[in-house]
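Shown here: upload38.txt, compact mmCIF, C-alpha atoms.
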# COMPACT_ATOMS: atom_id res chain seq x y z
CA MET M 30 133.34 -5.23 46.67
CA ILE M 31 133.33 -2.29 49.09
CA ASP M 32 131.38 -1.28 52.19
CA SER M 33 131.60 2.30 53.50
CA HIS M 34 129.49 2.18 56.67
CA SER M 35 129.52 -0.21 59.64
CA HIS M 36 129.41 -0.32 63.43
CA SER M 37 131.19 -2.46 66.01
CA LYS M 38 130.62 -2.79 69.75
CA PHE M 39 132.24 0.61 70.16
CA SER M 40 128.85 1.97 68.99
CA HIS M 41 125.96 1.68 71.42
CA ASP M 42 124.02 -0.60 69.06
CA GLY M 43 126.91 -2.63 67.62
CA ARG M 44 127.09 -6.38 68.22
CA VAL M 45 130.63 -7.57 67.44
CA SER M 46 134.24 -6.47 67.76
CA ILE M 47 136.09 -4.45 65.14
CA GLU M 48 138.48 -7.37 64.69
CA LYS M 49 135.63 -9.74 63.78
CA LEU M 50 134.17 -7.23 61.31
CA ILE M 51 137.52 -6.83 59.59
CA ALA M 52 138.06 -10.60 59.45
CA ARG M 53 134.64 -11.05 57.84
CA ALA M 54 135.34 -8.29 55.29
CA GLU M 55 138.57 -10.04 54.36
CA GLU M 56 136.76 -13.40 54.09
CA MET M 57 134.31 -11.78 51.67
CA GLY M 58 137.19 -10.47 49.58
CA MET M 59 136.33 -6.80 50.03
CA ASN M 60 138.66 -4.28 48.44
CA TYR M 61 137.60 -1.57 50.90
CA TYR M 62 135.89 -1.76 54.29
CA ALA M 63 135.08 1.15 56.61
CA VAL M 64 134.35 1.06 60.33
CA THR M 65 132.32 4.19 61.08
CA GLU M 66 131.26 4.30 64.72
CA HIS M 67 128.28 6.31 65.91
CA LEU M 68 129.30 9.74 67.17
CA ASP M 69 125.76 10.55 68.25
CA ARG M 70 126.26 13.85 70.03
CA ASP M 71 122.78 14.76 68.73
CA TYR M 72 121.43 12.24 71.25
CA LYS M 73 122.65 14.47 74.06
CA PHE M 74 119.78 16.75 73.12
CA ALA M 75 117.15 14.06 72.48
CA LYS M 76 114.36 13.10 74.88
CA ARG M 77 114.60 9.32 74.76
CA GLU M 78 118.19 8.87 73.62
CA ARG M 79 120.08 11.17 75.99
CA PHE M 80 120.96 8.22 78.27
CA ILE M 81 122.34 6.03 75.45
CA ARG M 82 126.03 5.20 75.82
CA GLN M 83 128.08 7.73 73.90
CA LEU M 84 131.17 6.84 71.88
CA ASN M 85 134.37 7.17 73.89
CA LEU M 86 136.28 8.86 71.10
CA LYS M 87 139.72 8.67 72.76
CA ARG M 88 139.33 4.94 73.42
CA TYR M 89 138.14 4.33 69.86
CA LEU M 90 141.11 6.25 68.42
CA ARG M 91 143.52 4.19 70.53
CA LYS M 92 141.97 1.03 69.08
CA VAL M 93 142.27 2.48 65.55
CA GLU M 94 145.95 3.26 66.12
CA LYS M 95 146.58 -0.27 67.45
CA ILE M 96 144.88 -2.00 64.50
CA ARG M 97 146.63 0.22 61.97
CA SER M 98 150.00 -0.61 63.54
CA GLN M 99 149.26 -4.33 63.19
CA ARG M 100 148.47 -4.13 59.48
CA ASP M 101 151.38 -3.99 57.04
CA GLY M 102 149.57 -2.24 54.19
CA ASN M 103 149.85 -5.19 51.84
CA GLU M 104 146.48 -6.70 52.69
CA LYS M 105 143.92 -6.99 49.90
CA THR M 106 141.33 -5.21 52.04
CA TYR M 107 141.95 -1.57 52.84
CA VAL M 108 140.41 -0.96 56.27
CA ALA M 109 139.24 2.60 56.75
CA PHE M 110 138.25 4.15 60.07
CA GLY M 111 135.80 6.96 60.66
CA VAL M 112 132.69 8.11 62.45
CA GLU M 113 129.05 8.78 61.68
CA ALA M 114 128.21 12.23 63.05
CA GLY M 115 124.48 12.55 63.73
CA TYR M 116 123.53 16.17 63.08
CA CYS M 117 121.24 18.43 65.03
CA PRO M 118 121.74 22.19 65.36
CA LYS M 119 123.01 21.90 68.95
CA SER M 120 125.47 19.10 68.16
CA ALA M 121 127.30 21.00 65.42
CA PRO M 122 129.64 22.96 67.76
CA ILE M 123 130.58 19.71 69.51
CA TYR M 124 131.63 18.12 66.22
CA GLU M 125 133.61 21.21 65.30
CA ARG M 126 135.69 20.67 68.44
CA GLU M 127 135.89 16.89 68.44
CA LEU M 128 136.57 16.24 64.76
CA ALA M 129 139.21 18.90 64.28
CA GLY M 130 142.54 17.36 63.34
CA LEU M 131 141.55 13.71 63.83
CA ASP M 132 143.44 11.11 61.80
CA LEU M 133 140.38 9.49 60.20
CA ASP M 134 139.66 8.21 56.72
CA VAL M 135 136.00 9.16 56.46
CA VAL M 136 133.24 11.09 58.23
CA ILE M 137 129.59 10.35 57.53
CA ASN M 138 126.98 13.11 57.94
CA SER M 139 123.59 11.78 59.03
CA ILE M 140 120.21 12.84 60.40
CA HIS M 141 118.52 10.61 63.00
CA THR M 142 116.65 13.08 65.17
CA ILE M 143 114.04 15.74 64.53
CA ASP M 144 113.34 18.25 67.30
CA GLY M 145 114.66 15.92 69.98
CA GLY M 146 113.04 12.71 68.75
CA ASP M 147 114.62 9.78 66.91
CA VAL M 148 112.48 8.86 63.91
CA TYR M 149 113.63 5.25 64.35
CA PHE M 150 110.73 4.87 66.79
CA LYS M 151 107.40 4.46 65.04
CA ASP M 152 105.42 5.76 68.00
CA TRP M 153 107.26 9.10 67.70
CA PHE M 154 105.14 9.86 64.63
CA ASN M 155 101.87 9.65 66.56
CA GLY M 156 99.83 12.83 66.07
CA LYS M 157 102.37 14.40 63.74
CA GLU M 158 101.47 15.53 60.22
CA GLN M 159 103.54 14.05 57.41
CA ASP M 160 104.13 17.37 55.67
CA TYR M 161 105.53 18.96 58.81
CA ILE M 162 107.81 16.01 59.59
CA TYR M 163 109.10 15.53 56.04
CA ASN M 164 109.72 19.23 55.50
CA ARG M 165 111.49 19.50 58.85
CA TYR M 166 113.65 16.49 57.95
CA LEU M 167 114.61 17.96 54.58
CA ASP M 168 115.38 21.33 56.17
CA LEU M 169 117.73 19.61 58.63
CA ILE M 170 119.59 17.88 55.81
CA ILE M 171 120.00 21.23 54.05
CA GLU M 172 121.38 22.76 57.28
CA SER M 173 123.73 19.82 57.84
CA LEU M 174 125.33 20.20 54.42
CA ASP M 175 126.68 23.63 55.41
CA VAL M 176 128.31 22.70 58.73
CA ASN M 177 131.78 23.96 59.61
CA TYR M 178 133.30 20.53 60.27
CA HIS M 179 134.52 18.17 57.57
CA TYR M 180 132.42 15.29 56.27
CA ASP M 181 132.67 13.10 53.18
CA ILE M 182 129.47 11.06 52.84
CA VAL M 183 125.79 11.98 53.27
CA ALA M 184 124.04 9.04 54.92
CA HIS M 185 120.75 7.29 54.19
CA ILE M 186 118.76 10.15 52.65
CA GLY M 187 115.18 9.23 53.43
CA TYR M 188 115.83 7.83 56.91
CA VAL M 189 112.59 9.46 58.02
CA THR M 190 110.64 7.13 55.71
CA ARG M 191 111.89 3.89 57.27
CA TYR M 192 109.24 3.64 59.98
CA ALA M 193 106.85 6.39 58.90
CA PRO M 194 103.22 5.22 59.29
CA TYR M 195 101.85 7.25 56.37
CA GLU M 196 100.04 5.78 53.39
CA ASN M 197 102.66 7.08 50.96
CA VAL M 198 106.05 7.14 52.70
CA SER M 199 108.05 8.22 49.64
CA LEU M 200 110.00 11.48 49.71
CA MET M 201 109.62 11.74 45.94
CA GLN M 202 106.29 13.51 46.03
CA ASP M 203 105.78 16.77 44.13
CA LYS M 204 105.49 18.84 47.29
CA TYR M 205 108.99 17.83 48.45
CA LEU M 206 110.86 17.90 45.16
CA GLU M 207 112.05 21.52 45.41
CA LYS M 208 113.86 20.84 48.68
CA ILE M 209 115.22 17.54 47.41
CA ASP M 210 116.73 19.37 44.46
CA ILE M 211 118.32 21.89 46.82
CA ILE M 212 119.89 19.01 48.75
CA LEU M 213 121.16 17.18 45.68
CA LYS M 214 122.57 20.32 44.08
CA LYS M 215 124.40 21.21 47.31
CA ILE M 216 125.90 17.73 47.51
CA ILE M 217 127.10 18.02 43.92
CA GLU M 218 128.42 21.55 44.43
CA LYS M 219 130.36 20.49 47.53
CA ASP M 220 131.63 17.32 45.81
CA LYS M 221 130.30 15.08 48.59
CA THR M 222 129.15 11.47 48.19
CA ILE M 223 125.70 9.92 48.63
CA GLU M 224 125.61 6.49 50.20
CA ILE M 225 123.19 3.79 49.08
CA ASN M 226 122.25 2.32 52.43
CA THR M 227 120.77 -1.19 52.58
CA HIS M 228 120.08 -1.28 56.32
CA ILE M 229 116.34 -1.29 55.70
CA LYS M 230 113.77 -4.07 55.84
CA ASP M 231 111.06 -2.40 53.75
CA GLU M 232 110.97 -4.22 50.42
CA LYS M 233 109.01 -1.37 48.83
CA LEU M 234 111.94 1.01 49.15
CA GLY M 235 114.74 -1.57 49.09
CA PHE M 236 117.39 0.88 50.21
CA LEU M 237 117.95 4.55 50.92
CA PRO M 238 117.84 6.82 49.02
CA GLU M 239 114.95 5.38 47.04
CA ILE M 240 115.60 4.76 43.34
CA PRO M 241 113.75 7.83 41.95
CA LEU M 242 115.89 10.07 44.14
CA LEU M 243 119.07 8.39 42.89
CA LYS M 244 117.87 8.91 39.33
CA ARG M 245 117.27 12.60 40.02
CA TYR M 246 120.75 12.93 41.50
CA TYR M 247 122.21 11.43 38.33
CA GLU M 248 120.08 13.73 36.12
CA LEU M 249 121.47 16.74 37.96
CA GLY M 250 125.03 15.57 37.32
CA GLY M 251 125.77 13.71 40.54
CA ARG M 252 128.23 10.85 40.16
CA ASN M 253 129.57 10.27 43.68
CA ILE M 254 127.85 7.27 45.25
CA THR M 255 129.05 4.58 47.63
CA PHE M 256 127.70 1.31 49.01
CA SER M 257 126.83 1.08 52.70
CA SER M 258 125.42 -1.96 54.47
CA ASP M 259 125.34 0.07 57.72
CA THR M 260 125.86 -3.28 59.37
CA HIS M 261 125.85 -3.82 63.12
CA ARG M 262 126.33 -7.61 62.81
CA LEU M 263 128.41 -10.03 60.78
CA ASP M 264 125.49 -11.53 58.86
CA THR M 265 124.41 -8.29 57.16
CA MET M 266 127.77 -7.16 55.83
CA GLY M 267 127.46 -6.47 52.12
CA PHE M 268 123.67 -6.90 52.31
CA ARG M 269 122.08 -6.47 48.84
CA TYR M 270 125.41 -5.42 47.31
CA ASP M 271 124.72 -7.07 43.94
CA ARG M 272 121.27 -5.49 43.78
CA VAL M 273 122.68 -2.04 44.45
CA VAL M 274 125.32 -2.45 41.74
CA LYS M 275 122.67 -3.60 39.26
CA VAL M 276 120.40 -0.61 39.98
CA ALA M 277 123.32 1.83 39.93
CA LYS M 278 124.44 0.55 36.52
CA GLU M 279 120.89 0.80 35.15
CA ILE M 280 120.75 4.45 36.22
CA GLY M 281 124.11 5.14 34.55
CA PHE M 282 126.63 5.12 37.40
CA THR M 283 129.98 3.46 36.65
CA HIS M 284 131.74 3.41 40.01
CA PHE M 285 131.60 3.78 43.75
CA VAL M 286 133.59 6.37 45.70
CA THR M 287 135.54 5.46 48.83
CA TYR M 288 137.69 7.59 51.13
CA ARG M 289 141.22 7.12 52.38
CA LYS M 290 142.38 9.93 54.66
CA HIS M 291 139.45 11.94 53.26
CA GLN M 292 140.77 11.56 49.71
CA LYS M 293 138.39 10.18 47.10
CA VAL M 294 139.21 6.85 45.49
CA ILE M 295 137.27 5.58 42.47
CA GLU M 296 136.17 1.93 42.74
CA GLU M 297 134.83 0.83 39.37
CA PHE M 298 132.04 -1.76 39.30

The structure given in the file should be rewritten as structure tokens.
Amino acid sequence: MIDSHSHSKFSHDGRVSIEKLIARAEEMGMNYYAVTEHLDRDYKFAKRERFIRQLNLKRYLRKVEKIRSQRDGNEKTYVAFGVEAGYCPKSAPIYERELAGLDLDVVINSIHTIDGGDVYFKDWFNGKEQDYIYNRYLDLIIESLDVNYHYDIVAHIGYVTRYAPYENVSLMQDKYLEKIDIILKKIIEKDKTIEINTHIKDEKLGFLPEIPLLKRYYELGGRNITFSSDTHRLDTMGFRYDRVVKVAKEIGFTHFVTYRKHQKVIEEF
């Protein structure tokens, strides 16, 4: 069992300490567990989120160094440390400076905001046309794939659908497929990894990306996937892991990818 995406109290929305997360991962018998704190520099340019507590990167790195020094390397669970870098055009230069030369295992590339608004908030969609929002979201993903800082994993493709109020929230509609193919082909070309993120309550979608998008990724030759509970609490670690493995096998995938010092490791199902 592996989990490539989680948040402790170092992140503004985390609930428990890193130590408690690691202890729970070890209790669950995980082979690989990644702590990936929010580095939400995109929120500096958002309307509602600009006052949210930002990650103190130096303090987090000191904690990482301390925990690493306490582990002897013989533990069953490999504990990886990284960040989730929320992209917007104005945040990219900040990440170029802050991520350069850091001793991390993994960096997650994600999109949370569109034109200064976090699509987590359902009321943000009020008065906005679906086609404009979805196309803008897909364009931002395409931009984010070409940034000048290093990343390993592309997070929760379809995040915009989580709280969208539209009748058909799926990204896999004919009018969006051309851009989706551009995204998937870029990910394959750059040898990046798509996470299957289960931090979603909508039973219709189950997880992100939605299954038809995962199937299209596989059809195009994509094989790099990983499991991410995106947990912020102890009780959702590994959420829907067995379901994700079952669906991944049905599509044709044979393994997850994890990262140790940014090097890919194959974790067979």

Query raised in the report: Do you know which residues are at most 8 Å from Arg289 (chain M) counting all atoms listed in the file, after dropping those on the same chain fewer than 4 positions away, and could you put them as a ChimeraX atom specification?
Result: /M:109,134-135,293-294

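A straight line drawn from CA of His185 (chain M) to CA of Thr65 (chain M) is 13.8 Å long.
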
Query - Residues within 9 Å of Lys38 (chain M), all atoms listed in the file, excluding chain neighbours under 6 positions, as a list of chain:residue names - result: M:Arg44, M:Val45, M:Ser46, M:Ile47, M:Glu66, M:His261

Requested in this report: Go through M:Tyr163, M:Tyr180, M:Tyr89, M:Tyr205 one by one, measure the shortest atom-to-atom distance of each to His291 (chain M) using all atoms listed in the file, and give the residue with the smallest value.
Outcome: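 Looking only at the distances to His291 (chain M), the closest residue turns out to be M:Tyr180.
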
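Using all atoms listed in the file for every distance, the candidate list M:Lys244, M:His141, M:Arg53, M:Arg272 yields M:His141 as the residue closest to Ser173 (chain M).
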
Requested in this report: Around the point (114.4, 16.0, 46.7) in the file's coordinates, collect all residues with an atom within 12 Å, using all atoms listed in the file, and return them as number ranges by chain.
Outcome: M: 163-164, 166-168, 170-171, 186-187, 199-216, 238-246, 249

Query raised in the report: Interatomic distance between CA of Asn155 (chain M) and CA of Cys117 (chain M)?
Result: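 Spanning CA of Asn155 (chain M) to CA of Cys117 (chain M) is a straight-line distance of 21.3 Å.
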
Query raised in the report: Separation of CA of Phe80 (chain M) and CA of Tyr195 (chain M), in Å?
Result: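 So the answer is 29.1 Å.
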
Query raised in the report: Hey, which of M:Ser37, M:Thr222, M:Asn253, M:Ser120 ends up closest to Ile137 (chain M)? Count all atoms listed in the file.
Result: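 Comparing M:Ser37, M:Thr222, M:Asn253, M:Ser120 against Ile137 (chain M), the winner is M:Thr222.
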
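Using only C-alpha atoms, the nearest neighbour of Phe110 (chain M) within the list M:Asn177, M:Thr190, M:Ser33, M:Ser258 is M:Ser33.
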
Requested in this report: Can you pull out every residue within 12 Å of Lys157 (chain M), counting only C-alpha atoms, but drop anything in the same chain fewer than 4 positions away, and send it as a PyMOL selection string?
Outcome: chain M and resi 143+146+148+151-153+161-163+165+193-195

Fix up region 34-62 of chain M with N, CA and C atoms, then write it as a short mmCIF file (atom, residue, chain, number, x, y, z; two decimals), keeping the file's coordinate frame.
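Ended up saving to result_16.cif:
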data_model
loop_
_atom_site.label_atom_id
_atom_site.label_comp_id
_atom_site.auth_asym_id
_atom_site.auth_seq_id
_atom_site.Cartn_x
_atom_site.Cartn_y
_atom_site.Cartn_z
N HIS M 34 130.22 1.76 55.47
CA HIS M 34 129.49 2.18 56.67
C HIS M 34 129.21 0.94 57.53
N SER M 35 129.78 0.91 58.74
CA SER M 35 129.52 -0.21 59.64
C SER M 35 129.80 0.20 61.07
N HIS M 36 129.28 -0.62 62.00
CA HIS M 36 129.41 -0.32 63.43
C HIS M 36 129.81 -1.56 64.22
N SER M 37 130.77 -1.39 65.11
CA SER M 37 131.19 -2.46 66.01
C SER M 37 130.60 -2.20 67.40
N LYS M 38 131.10 -2.96 68.38
CA LYS M 38 130.62 -2.79 69.75
C LYS M 38 131.05 -1.45 70.35
N PHE M 39 131.93 -0.73 69.68
CA PHE M 39 132.24 0.61 70.16
C PHE M 39 131.01 1.51 70.06
N SER M 40 130.12 1.25 69.11
CA SER M 40 128.85 1.97 68.99
C SER M 40 127.83 1.35 69.94
N HIS M 41 126.91 2.15 70.41
CA HIS M 41 125.96 1.68 71.42
C HIS M 41 125.09 0.53 70.93
N ASP M 42 124.89 0.44 69.60
CA ASP M 42 124.02 -0.60 69.06
C ASP M 42 124.77 -1.66 68.27
N GLY M 43 126.11 -1.63 68.32
CA GLY M 43 126.91 -2.63 67.62
C GLY M 43 126.90 -3.96 68.36
N ARG M 44 127.21 -5.05 67.63
CA ARG M 44 127.09 -6.38 68.22
C ARG M 44 128.41 -7.14 68.31
N VAL M 45 129.40 -6.80 67.48
CA VAL M 45 130.63 -7.57 67.44
C VAL M 45 131.85 -6.65 67.47
N SER M 46 133.01 -7.26 67.67
CA SER M 46 134.24 -6.47 67.76
C SER M 46 134.68 -5.98 66.39
N ILE M 47 135.51 -4.95 66.39
CA ILE M 47 136.09 -4.45 65.14
C ILE M 47 136.90 -5.55 64.46
N GLU M 48 137.65 -6.32 65.25
CA GLU M 48 138.48 -7.37 64.69
C GLU M 48 137.64 -8.40 63.92
N LYS M 49 136.48 -8.76 64.46
CA LYS M 49 135.63 -9.74 63.78
C LYS M 49 135.03 -9.15 62.50
N LEU M 50 134.69 -7.88 62.52
CA LEU M 50 134.17 -7.23 61.31
C LEU M 50 135.23 -7.23 60.21
N ILE M 51 136.44 -6.88 60.58
CA ILE M 51 137.52 -6.83 59.59
C ILE M 51 137.78 -8.22 59.03
N ALA M 52 137.81 -9.23 59.91
CA ALA M 52 138.06 -10.60 59.45
C ALA M 52 136.98 -11.05 58.46
N ARG M 53 135.73 -10.68 58.74
CA ARG M 53 134.64 -11.05 57.84
C ARG M 53 134.77 -10.32 56.51
N ALA M 54 135.13 -9.05 56.53
CA ALA M 54 135.34 -8.29 55.29
C ALA M 54 136.43 -8.93 54.44
N GLU M 55 137.48 -9.39 55.08
CA GLU M 55 138.57 -10.04 54.36
C GLU M 55 138.13 -11.39 53.80
N GLU M 56 137.32 -12.13 54.57
CA GLU M 56 136.76 -13.40 54.09
C GLU M 56 135.93 -13.19 52.83
N MET M 57 135.19 -12.08 52.80
CA MET M 57 134.31 -11.78 51.67
C MET M 57 135.08 -11.21 50.48
N GLY M 58 136.36 -10.98 50.66
CA GLY M 58 137.19 -10.47 49.58
C GLY M 58 136.98 -9.00 49.27
N MET M 59 136.57 -8.22 50.26
CA MET M 59 136.33 -6.80 50.03
C MET M 59 137.62 -6.07 49.70
N ASN M 60 137.53 -5.14 48.78
CA ASN M 60 138.66 -4.28 48.44
C ASN M 60 138.78 -3.14 49.45
N TYR M 61 137.64 -2.73 49.99
CA TYR M 61 137.60 -1.57 50.90
C TYR M 61 136.52 -1.84 51.95
N TYR M 62 136.85 -1.58 53.21
CA TYR M 62 135.89 -1.76 54.29
C TYR M 62 136.08 -0.66 55.31
#
